[in-house]
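These notes are about the structure you will find just below.
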Amino acid sequence: MLRSSITVLLLLGACGGSAAPQPPSTPEAPASSASAATGTSTPTDDPPTAAEAGLPSKCADASSAVCTPSSDFVDRLCNKPHQDIALWLFGKDTPFTRLYLRGKMDELAFDEEVLALRYRATPKGGIQVGNSTGSYDVLRWDGSCALAVDAEMITKSRPPKPRNARVQWHRIAGSTQDALIAASDAVKRARAKRGKECQGAMSGDVSAACEKADASLVSAVVDYVRGGGSIPTPDAP
C-alpha cells in the first residue's frame with residue numbers, strides 16, 4: 001500500500017513539472033496596417049489633367065496663326081478675374097499665343113504680356129470702330145480680361161523685358177500658394193518678406209516697404225511660372 005502511494009505521488013510530480021503550452025504566434029500585420037501605424041501613406045491619385053479639370057490644352061482653330069482657347073471657355077473665364085487659372089494658362093507649356101502691348105492703353109501698360117483669347121474681326125458691312133484690322137480679347141497676369149484691344153496695339157514680338165499685370169497673391173488658392181512656396185525658394189523668401197513688411201495688409205494705405213515687398217513677390221511668382229515651374233491644376237470656371 002505504501003509503495004503504491006509513493007508511485008502515485010511520483011507520477012503527479014512529473015505531470016506538474018512539464019512545460020506550459022506556448023500561445024500561438026501573432027501573424028505579421030499587412031503592409032497597409034503597418035503604414036497606418038507609422039502615419040505614412042502612399043498617394044494613389046494623380047493630379048487631374050487639363051481635360052479632367054475642364055481646362056483647354058489645344059488651339060480652338062489649329063489652322064489659325066494665333067492660338068486661342070475655345071470661345072465658350074473665354075466667355076466663362078471673363079465673367080470675373082480668375083487668378084489661379086491665369087497662372088496656369090501663362091505656364092510655359094501651354095500653346096496659347098502671347099501678345100505684347102505696343103503702347104499704353106487704358107489700364108494696359110507698354111510692353112505688357114497678355115494671352116490671346118479671341119480675335120474679333122471687323123464686321124463686313126457694319127459700322128467700323130477703330131482700326132480695320134480687328135481686335136483681340138486678351139487675358140492679363142492678374143486674371144482679368146481686357147476686351148476688344150485694337151490689333152494694331154499689340155504684337156507677337158517679345159520685348160527684352162516684358163511687363164505683367166500685378167498678380168494678386170491673396171486671390172491665389174491656398175493649395176497653390178503652398179505649392180509655390182514649396183517649389184520656389186525665391187517665392188518662399190519673397191512671401192516671408194511681404195508678410196513681415198505688410199503685416200497682413202492686402203491693399204489700401206500701406207508702407208513703401210510693403211509695396212516693394214509685394215512687387216518682389218509678384219516678380220518671383222511670374223519668374224517661376226515663365227521659367228516652366230508647375231502649379232496645381234485649377235478647376236475651370
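Ligands are numbered from 1 in the order shown, chains are lettered A, B, ... in the order of the C-alpha cells, and residues start at 1 in each chain.
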
Would you mind listing what lies within 12 Å of Lys188 in chain A as a ChimeraX atom specification, with only C-alpha atoms counted and same-chain residues fewer than 6 positions away left out?
/A:177-182,194-195,216-218,220-221,224

Quick one: pick out all helix (DSSP H, G or I) residues within range 31-123 of chain A from a backbone DSSP run and write them as an NGL selection string.
:A and (31-38 or 50-53 or 71-77 or 83-89)

Those same residues, written as a compact mmCIF listing (two decimals), in the first residue's frame with N, CA and C atoms?
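What ended up in selection_10.txt:
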# COMPACT_ATOMS: atom_id res chain seq x y z
N ALA A 31 1.06 45.19 -44.88
CA ALA A 31 1.83 46.41 -45.13
C ALA A 31 0.98 47.65 -44.94
N SER A 32 -0.30 47.60 -45.36
CA SER A 32 -1.15 48.78 -45.23
C SER A 32 -1.37 49.14 -43.78
N SER A 33 -1.51 48.11 -42.89
CA SER A 33 -1.71 48.38 -41.47
C SER A 33 -0.46 48.97 -40.87
N ALA A 34 0.71 48.45 -41.31
CA ALA A 34 1.97 48.98 -40.80
C ALA A 34 2.13 50.45 -41.18
N SER A 35 1.75 50.81 -42.43
CA SER A 35 1.85 52.21 -42.85
C SER A 35 0.94 53.10 -42.02
N ALA A 36 -0.26 52.57 -41.71
CA ALA A 36 -1.20 53.36 -40.92
C ALA A 36 -0.66 53.58 -39.53
N ALA A 37 0.03 52.55 -38.97
CA ALA A 37 0.56 52.67 -37.61
C ALA A 37 1.65 53.71 -37.53
N THR A 38 2.43 53.88 -38.61
CA THR A 38 3.53 54.83 -38.60
C THR A 38 3.12 56.21 -39.10
N ALA A 50 -5.54 68.51 -67.65
CA ALA A 50 -6.28 69.70 -68.07
C ALA A 50 -7.69 69.32 -68.50
N ALA A 51 -7.81 68.23 -69.26
CA ALA A 51 -9.13 67.81 -69.73
C ALA A 51 -10.04 67.43 -68.57
N GLU A 52 -9.49 66.74 -67.56
CA GLU A 52 -10.29 66.35 -66.40
C GLU A 52 -10.76 67.56 -65.61
N ALA A 53 -9.93 68.61 -65.58
CA ALA A 53 -10.28 69.83 -64.85
C ALA A 53 -11.15 70.77 -65.68
N SER A 71 -14.15 79.58 -77.65
CA SER A 71 -14.90 80.79 -77.33
C SER A 71 -15.79 80.61 -76.10
N ASP A 72 -16.38 79.42 -75.92
CA ASP A 72 -17.24 79.22 -74.75
C ASP A 72 -16.43 79.25 -73.46
N PHE A 73 -15.19 78.75 -73.50
CA PHE A 73 -14.32 78.84 -72.33
C PHE A 73 -13.99 80.29 -72.02
N VAL A 74 -13.71 81.08 -73.05
CA VAL A 74 -13.39 82.50 -72.87
C VAL A 74 -14.57 83.23 -72.23
N ASP A 75 -15.78 82.90 -72.67
CA ASP A 75 -16.97 83.54 -72.08
C ASP A 75 -17.02 83.32 -70.57
N ARG A 76 -16.75 82.09 -70.14
CA ARG A 76 -16.78 81.78 -68.70
C ARG A 76 -15.59 82.41 -67.98
N LEU A 77 -14.43 82.38 -68.61
CA LEU A 77 -13.22 82.92 -67.99
C LEU A 77 -13.34 84.41 -67.70
N GLN A 83 -7.46 84.24 -60.83
CA GLN A 83 -6.01 84.34 -60.69
C GLN A 83 -5.30 83.00 -60.90
N ASP A 84 -5.80 81.92 -60.30
CA ASP A 84 -5.13 80.62 -60.45
C ASP A 84 -5.14 80.15 -61.91
N ILE A 85 -6.27 80.33 -62.58
CA ILE A 85 -6.37 79.90 -63.98
C ILE A 85 -5.42 80.71 -64.85
N ALA A 86 -5.28 82.00 -64.57
CA ALA A 86 -4.36 82.84 -65.33
C ALA A 86 -2.93 82.32 -65.20
N LEU A 87 -2.51 82.00 -63.98
CA LEU A 87 -1.15 81.47 -63.79
C LEU A 87 -0.97 80.18 -64.57
N TRP A 88 -1.98 79.33 -64.55
CA TRP A 88 -1.89 78.06 -65.26
C TRP A 88 -1.82 78.27 -66.78
N LEU A 89 -2.65 79.17 -67.30
CA LEU A 89 -2.67 79.42 -68.74
C LEU A 89 -1.39 80.08 -69.24

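With CA of Ser70 in chain A on one side and CA of Gly174 in chain A on the other, the separation reads 28.1 Å.
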
Compile the contact shell of Ala201 in chain A as a PDB file with N, CA and C atoms, in the first residue's frame: residues with an atom at most 12 Å away, counting only C-alpha atoms, same-chain residues fewer than 3 positions apart removed.
ATOM      1  N   TRP A 169      -1.683  88.041 -54.956  1.00  0.00           N
ATOM      2  CA  TRP A 169      -1.327  86.885 -54.136  1.00  0.00           C
ATOM      3  C   TRP A 169      -2.503  86.402 -53.293  1.00  0.00           C
ATOM      4  N   HIS A 170      -3.262  87.320 -52.720  1.00  0.00           N
ATOM      5  CA  HIS A 170      -4.359  86.927 -51.838  1.00  0.00           C
ATOM      6  C   HIS A 170      -5.507  86.259 -52.581  1.00  0.00           C
ATOM      7  N   ARG A 194       7.218  89.795 -47.536  1.00  0.00           N
ATOM      8  CA  ARG A 194       5.967  90.529 -47.637  1.00  0.00           C
ATOM      9  C   ARG A 194       5.163  90.422 -46.343  1.00  0.00           C
ATOM     10  N   GLY A 195       5.148  89.236 -45.753  1.00  0.00           N
ATOM     11  CA  GLY A 195       4.424  89.061 -44.503  1.00  0.00           C
ATOM     12  C   GLY A 195       4.976  89.960 -43.402  1.00  0.00           C
ATOM     13  N   LYS A 196       6.292  90.120 -43.385  1.00  0.00           N
ATOM     14  CA  LYS A 196       6.939  90.955 -42.363  1.00  0.00           C
ATOM     15  C   LYS A 196       6.642  92.430 -42.591  1.00  0.00           C
ATOM     16  N   GLU A 197       6.712  92.879 -43.843  1.00  0.00           N
ATOM     17  CA  GLU A 197       6.573  94.293 -44.140  1.00  0.00           C
ATOM     18  C   GLU A 197       5.119  94.757 -44.183  1.00  0.00           C
ATOM     19  N   CYS A 198       4.208  93.876 -44.606  1.00  0.00           N
ATOM     20  CA  CYS A 198       2.814  94.287 -44.807  1.00  0.00           C
ATOM     21  C   CYS A 198       1.904  93.933 -43.644  1.00  0.00           C
ATOM     22  N   GLY A 204      -4.858  99.101 -49.893  1.00  0.00           N
ATOM     23  CA  GLY A 204      -5.109 100.302 -49.105  1.00  0.00           C
ATOM     24  C   GLY A 204      -3.832 101.059 -48.794  1.00  0.00           C
ATOM     25  N   ASP A 205      -3.830 101.759 -47.679  1.00  0.00           N
ATOM     26  CA  ASP A 205      -2.707 102.596 -47.280  1.00  0.00           C
ATOM     27  C   ASP A 205      -1.628 101.730 -46.644  1.00  0.00           C
ATOM     28  N   VAL A 206      -0.610 101.392 -47.417  1.00  0.00           N
ATOM     29  CA  VAL A 206       0.480 100.547 -46.923  1.00  0.00           C
ATOM     30  C   VAL A 206       1.801 101.296 -47.078  1.00  0.00           C
ATOM     31  N   SER A 207       2.808 100.812 -46.402  1.00  0.00           N
ATOM     32  CA  SER A 207       4.110 101.477 -46.427  1.00  0.00           C
ATOM     33  C   SER A 207       4.826 101.230 -47.748  1.00  0.00           C
ATOM     34  N   CYS A 210       6.241  97.818 -47.802  1.00  0.00           N
ATOM     35  CA  CYS A 210       5.244  96.796 -48.138  1.00  0.00           C
ATOM     36  C   CYS A 210       5.029  96.745 -49.644  1.00  0.00           C
ATOM     37  N   GLU A 211       4.922  97.900 -50.284  1.00  0.00           N
ATOM     38  CA  GLU A 211       4.745  97.958 -51.732  1.00  0.00           C
ATOM     39  C   GLU A 211       5.905  97.265 -52.441  1.00  0.00           C
ATOM     40  N   ALA A 213       7.954  94.974 -51.174  1.00  0.00           N
ATOM     41  CA  ALA A 213       7.939  93.539 -50.877  1.00  0.00           C
ATOM     42  C   ALA A 213       6.876  92.830 -51.709  1.00  0.00           C
ATOM     43  N   ASP A 214       5.725  93.480 -51.903  1.00  0.00           N
ATOM     44  CA  ASP A 214       4.668  92.880 -52.710  1.00  0.00           C
ATOM     45  C   ASP A 214       5.111  92.753 -54.160  1.00  0.00           C
TER      46      ASP A 214
END

Do a neighbour search on range 59-67 of chain A at 9 Å with only C-alpha atoms, toss out local chain neighbours closer than 4 positions, and write the hits as a short mmCIF file (atom, residue, chain, number, x, y, z; two decimals) with N, CA and C atoms, in the first residue's frame.
data_model
loop_
_atom_site.label_atom_id
_atom_site.label_comp_id
_atom_site.auth_asym_id
_atom_site.auth_seq_id
_atom_site.Cartn_x
_atom_site.Cartn_y
_atom_site.Cartn_z
N SER A 71 -14.15 79.58 -77.65
CA SER A 71 -14.90 80.79 -77.33
C SER A 71 -15.79 80.61 -76.10
N PRO A 95 -0.09 76.16 -75.17
CA PRO A 95 0.18 76.55 -76.56
C PRO A 95 -0.33 77.93 -76.95
N PHE A 96 -1.02 78.61 -76.06
CA PHE A 96 -1.73 79.83 -76.44
C PHE A 96 -0.76 80.99 -76.71
N THR A 97 -1.12 81.79 -77.71
CA THR A 97 -0.23 82.85 -78.19
C THR A 97 -0.08 83.97 -77.17
N ARG A 98 1.16 84.34 -76.93
CA ARG A 98 1.46 85.51 -76.09
C ARG A 98 1.54 86.75 -76.97
N ALA A 116 -3.58 85.72 -75.82
CA ALA A 116 -4.65 85.85 -76.80
C ALA A 116 -5.80 84.92 -76.43
N LEU A 117 -7.00 85.47 -76.34
CA LEU A 117 -8.18 84.68 -76.01
C LEU A 117 -9.14 84.52 -77.19
N ARG A 118 -9.31 85.63 -77.95
CA ARG A 118 -10.28 85.57 -79.05
C ARG A 118 -10.04 86.74 -79.99
N TYR A 119 -10.11 86.45 -81.28
CA TYR A 119 -9.96 87.51 -82.28
C TYR A 119 -11.33 87.98 -82.71
#

Neighbour list for Met105 in chain A as a PyMOL selection string, cut-off 9 Å, only C-alpha atoms, skip fewer than 4 positions in-chain:
chain A and resi 101+109-110+149+153

What does the file look like for those residues with C-alpha atoms, as a compact mmCIF listing (two decimals), in the first residue's frame?
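selection_6.txt was written with the following content:
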# COMPACT_ATOMS: atom_id res chain seq x y z
CA LEU A 101 1.36 95.87 -75.92
CA ALA A 109 0.99 99.04 -69.85
CA PHE A 110 3.58 99.37 -72.60
CA VAL A 149 -7.89 95.51 -77.72
CA MET A 153 -1.81 97.98 -80.43

Could you name the residues that touch Val114 in chain A at 6 Å or less, counting only C-alpha atoms, but leaving out those on the same chain fewer than 5 positions away, as a ChimeraX atom specification?
/A:98-99,138-140

Mind writing the picked residues with N, CA and C atoms as a compact mmCIF listing (two decimals), in the first residue's frame?
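Result file follows (selection.txt):
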# COMPACT_ATOMS: atom_id res chain seq x y z
N ARG A 98 1.16 84.34 -76.93
CA ARG A 98 1.46 85.51 -76.09
C ARG A 98 1.54 86.75 -76.97
N LEU A 99 0.93 87.82 -76.51
CA LEU A 99 0.95 89.09 -77.22
C LEU A 99 1.52 90.16 -76.29
N VAL A 138 -8.08 89.64 -74.55
CA VAL A 138 -6.83 89.10 -74.02
C VAL A 138 -6.94 88.88 -72.51
N LEU A 139 -6.10 88.00 -72.00
CA LEU A 139 -6.03 87.71 -70.57
C LEU A 139 -4.77 88.33 -69.99
N ARG A 140 -4.90 88.97 -68.83
CA ARG A 140 -3.76 89.58 -68.15
C ARG A 140 -3.26 88.66 -67.03

If I take CA of Pro159 in chain A and CA of Asp111 in chain A, how far is one from the other in Å, to one decimal?
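These atoms are spaced 6.5 Å apart.
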
Per DSSP on the backbone, filter range 118-207 of chain A down to the residues in strand (DSSP E or B) and report them as a PyMOL selection string.
chain A and resi 118-120+135-139+145-150+154-155+163

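Computed from the coordinates, the CA of Ala208 in chain A to CA of Ala165 in chain A distance equals 19.1 Å.
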